[in-house]
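The file structure.cif contains mmCIF, N, CA and C atoms:
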data_input
loop_
_atom_site.group_PDB
_atom_site.id
_atom_site.type_symbol
_atom_site.label_atom_id
_atom_site.label_comp_id
_atom_site.auth_asym_id
_atom_site.auth_seq_id
_atom_site.Cartn_x
_atom_site.Cartn_y
_atom_site.Cartn_z
ATOM 1 N N MET I 12 0.826 -1.204 0.000
ATOM 2 C CA MET I 12 0.000 0.000 0.000
ATOM 3 C C MET I 12 0.863 1.258 0.000
ATOM 4 N N GLN I 13 1.949 1.255 0.761
ATOM 5 C CA GLN I 13 2.804 2.440 0.831
ATOM 6 C C GLN I 13 3.431 2.755 -0.520
ATOM 7 N N ALA I 14 3.792 1.719 -1.256
ATOM 8 C CA ALA I 14 4.422 1.927 -2.563
ATOM 9 C C ALA I 14 3.467 2.636 -3.513
ATOM 10 N N VAL I 15 2.192 2.291 -3.441
ATOM 11 C CA VAL I 15 1.196 2.925 -4.306
ATOM 12 C C VAL I 15 1.061 4.399 -3.958
ATOM 13 N N VAL I 16 1.023 4.706 -2.678
ATOM 14 C CA VAL I 16 0.891 6.094 -2.232
ATOM 15 C C VAL I 16 2.111 6.904 -2.653
ATOM 16 N N VAL I 17 3.287 6.344 -2.454
ATOM 17 C CA VAL I 17 4.524 7.042 -2.815
ATOM 18 C C VAL I 17 4.591 7.240 -4.321
ATOM 19 N N ASP I 18 4.231 6.214 -5.086
ATOM 20 C CA ASP I 18 4.254 6.306 -6.543
ATOM 21 C C ASP I 18 3.253 7.348 -7.034
ATOM 22 N N THR I 19 2.068 7.352 -6.459
ATOM 23 C CA THR I 19 1.052 8.340 -6.831
ATOM 24 C C THR I 19 1.533 9.747 -6.501
ATOM 25 N N PHE I 20 2.117 9.916 -5.335
ATOM 26 C CA PHE I 20 2.649 11.223 -4.946
ATOM 27 C C PHE I 20 3.730 11.676 -5.928
ATOM 28 N N ALA I 21 4.601 10.763 -6.328
ATOM 29 C CA ALA I 21 5.675 11.094 -7.273
ATOM 30 C C ALA I 21 5.096 11.530 -8.615
ATOM 31 N N GLU I 22 4.051 10.856 -9.066
ATOM 32 C CA GLU I 22 3.409 11.228 -10.333
ATOM 33 C C GLU I 22 2.772 12.611 -10.242
ATOM 34 N N VAL I 23 2.098 12.880 -9.143
ATOM 35 C CA VAL I 23 1.456 14.182 -8.952
ATOM 36 C C VAL I 23 2.509 15.282 -8.889
ATOM 37 N N ARG I 24 3.579 15.014 -8.179
ATOM 38 C CA ARG I 24 4.654 16.003 -8.060
ATOM 39 C C ARG I 24 5.287 16.284 -9.419
ATOM 40 N N GLU I 25 5.522 15.241 -10.194
ATOM 41 C CA GLU I 25 6.101 15.420 -11.531
ATOM 42 C C GLU I 25 5.175 16.261 -12.404
ATOM 43 N N SER I 26 3.893 16.001 -12.308
ATOM 44 C CA SER I 26 2.914 16.769 -13.075
ATOM 45 C C SER I 26 2.932 18.232 -12.649
ATOM 46 N N ASP I 27 3.013 18.480 -11.351
ATOM 47 C CA ASP I 27 3.064 19.850 -10.846
ATOM 48 C C ASP I 27 4.311 20.577 -11.339
ATOM 49 N N VAL I 28 5.435 19.885 -11.357
ATOM 50 C CA VAL I 28 6.688 20.491 -11.815
ATOM 51 C C VAL I 28 6.583 20.842 -13.297
ATOM 52 N N LEU I 29 6.008 19.947 -14.082
ATOM 53 C CA LEU I 29 5.845 20.218 -15.513
ATOM 54 C C LEU I 29 4.914 21.399 -15.743
ATOM 55 N N ASN I 30 3.828 21.456 -14.977
ATOM 56 C CA ASN I 30 2.900 22.582 -15.105
ATOM 57 C C ASN I 30 3.574 23.890 -14.716
ATOM 58 N N LEU I 31 4.359 23.866 -13.662
ATOM 59 C CA LEU I 31 5.076 25.061 -13.227
ATOM 60 C C LEU I 31 6.062 25.511 -14.299
ATOM 61 N N ALA I 32 6.765 24.572 -14.897
ATOM 62 C CA ALA I 32 7.726 24.906 -15.953
ATOM 63 C C ALA I 32 7.020 25.538 -17.147
ATOM 64 N N GLN I 33 5.878 25.003 -17.520
ATOM 65 C CA GLN I 33 5.116 25.574 -18.633
ATOM 66 C C GLN I 33 4.645 26.982 -18.298
ATOM 67 N N GLU I 34 4.187 27.177 -17.079
ATOM 68 C CA GLU I 34 3.722 28.498 -16.655
ATOM 69 C C GLU I 34 4.873 29.505 -16.661
ATOM 70 N N LEU I 35 6.031 29.085 -16.183
ATOM 71 C CA LEU I 35 7.188 29.977 -16.171
ATOM 72 C C LEU I 35 7.624 30.331 -17.589
ATOM 73 N N ASP I 36 7.587 29.364 -18.496
ATOM 74 C CA ASP I 36 7.916 29.643 -19.895
ATOM 75 C C ASP I 36 6.946 30.652 -20.487
ATOM 76 N N HIS I 37 5.678 30.475 -20.192
ATOM 77 C CA HIS I 37 4.653 31.396 -20.692
ATOM 78 C C HIS I 37 4.894 32.799 -20.134
ATOM 79 N N ASN I 38 5.161 32.891 -18.840
ATOM 80 C CA ASN I 38 5.420 34.190 -18.219
ATOM 81 C C ASN I 38 6.669 34.836 -18.800
ATOM 82 N N LEU I 39 7.675 34.043 -19.106
ATOM 83 C CA LEU I 39 8.905 34.561 -19.693
ATOM 84 C C LEU I 39 8.626 35.192 -21.054
ATOM 85 N N GLU I 40 7.816 34.538 -21.856
ATOM 86 C CA GLU I 40 7.477 35.080 -23.175
ATOM 87 C C GLU I 40 6.722 36.401 -23.043
ATOM 88 N N ILE I 41 5.801 36.468 -22.113
ATOM 89 C CA ILE I 41 5.052 37.710 -21.880
ATOM 90 C C ILE I 41 6.002 38.814 -21.433
ATOM 91 N N ASP I 42 6.895 38.502 -20.508
ATOM 92 C CA ASP I 42 7.858 39.495 -20.015
ATOM 93 C C ASP I 42 8.766 39.991 -21.132
ATOM 94 N N LYS I 43 9.187 39.092 -22.014
ATOM 95 C CA LYS I 43 10.037 39.494 -23.140
ATOM 96 C C LYS I 43 9.305 40.478 -24.051
ATOM 97 N N LYS I 44 8.030 40.220 -24.311
ATOM 98 C CA LYS I 44 7.248 41.111 -25.174
ATOM 99 C C LYS I 44 7.091 42.483 -24.529
ATOM 100 N N ILE I 45 6.847 42.500 -23.237
ATOM 101 C CA ILE I 45 6.704 43.771 -22.524
ATOM 102 C C ILE I 45 8.011 44.550 -22.566
ATOM 103 N N LEU I 46 9.119 43.883 -22.308
ATOM 104 C CA LEU I 46 10.425 44.549 -22.355
ATOM 105 C C LEU I 46 10.731 45.067 -23.757
ATOM 106 N N GLN I 47 10.387 44.293 -24.768
ATOM 107 C CA GLN I 47 10.624 44.729 -26.147
ATOM 108 C C GLN I 47 9.869 46.026 -26.427
ATOM 109 N N LYS I 48 8.629 46.113 -25.974
ATOM 110 C CA LYS I 48 7.841 47.337 -26.174
ATOM 111 C C LYS I 48 8.470 48.516 -25.441
ATOM 112 N N ILE I 49 8.947 48.276 -24.238
ATOM 113 C CA ILE I 49 9.598 49.344 -23.463
ATOM 114 C C ILE I 49 10.838 49.834 -24.198
ATOM 115 N N PHE I 50 11.666 48.910 -24.674
ATOM 116 C CA PHE I 50 12.891 49.296 -25.385
ATOM 117 C C PHE I 50 12.574 50.041 -26.673
ATOM 118 N N GLU I 51 11.535 49.616 -27.373
ATOM 119 C CA GLU I 51 11.140 50.311 -28.601
ATOM 120 C C GLU I 51 10.713 51.740 -28.290
ATOM 121 N N ARG I 52 9.972 51.934 -27.224
ATOM 122 C CA ARG I 52 9.548 53.286 -26.833
ATOM 123 C C ARG I 52 10.748 54.147 -26.456
ATOM 124 N N LEU I 53 11.696 53.557 -25.754
ATOM 125 C CA LEU I 53 12.900 54.308 -25.385
ATOM 126 C C LEU I 53 13.696 54.707 -26.626
ATOM 127 N N ASP I 54 13.784 53.809 -27.585
ATOM 128 C CA ASP I 54 14.499 54.117 -28.826
ATOM 129 C C ASP I 54 13.830 55.268 -29.567
ATOM 130 N N ILE I 55 12.512 55.261 -29.617
ATOM 131 C CA ILE I 55 11.775 56.324 -30.308
ATOM 132 C C ILE I 55 11.997 57.659 -29.608
ATOM 133 N N LYS I 56 11.975 57.670 -28.283
ATOM 134 C CA LYS I 56 12.158 58.913 -27.527
ATOM 135 C C LYS I 56 13.561 59.473 -27.693
ATOM 136 N N GLN I 57 14.546 58.616 -27.889
ATOM 137 C CA GLN I 57 15.930 59.078 -28.006
ATOM 138 C C GLN I 57 16.240 59.618 -29.396
ATOM 139 N N LYS I 58 15.431 59.331 -30.375
ATOM 140 C CA LYS I 58 15.690 59.793 -31.748
ATOM 141 C C LYS I 58 15.260 61.202 -31.966
#
Structure re-expressed in structure tokens:
Amino acid sequence: MQAVVVDTFAEVRESDVLNLAQELDHNLEIDKKILQKIFERLDIKQK
């Protein structure tokens, strides 16, 4: 019985880690787009 519980916990944890990684990747892409817009605005103001 303990092996089943431990195995199930390991599967759930792995799933959580994968979901977190996907969320972080998504947030990174959003942050990059925001920074790109900021840099573009700064470039326009400096010209």
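Taking atom C of I:Leu29 and atom CA of I:Lys48 as the two end points, the separation is 28.1 Å.
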Subject >> Straight-line distance linking atom N of I:Asn38 with atom CA of I:Lys56, stated in Å to one decimal >> reply: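 Computing the Euclidean distance for atom N of I:Asn38 and atom CA of I:Lys56 yields 28.3 Å.
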**OP:** Mind giving me the straight-line distance from atom N of I:Lys43 to atom CA of I:Lys58 in Å, one decimal?
**Re:**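 Separating atom N of I:Lys43 from atom CA of I:Lys58 is a distance of 23.8 Å.
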Padded axis-aligned box of stretch 27-41 of chain I (3 Å per side), centre and edge lengths, Å, one decimal, as JSON:
{"center_x": 5.9, "center_y": 28.6, "center_z": -17.0, "size_x": 12.0, "size_y": 26.3, "size_z": 18.3}
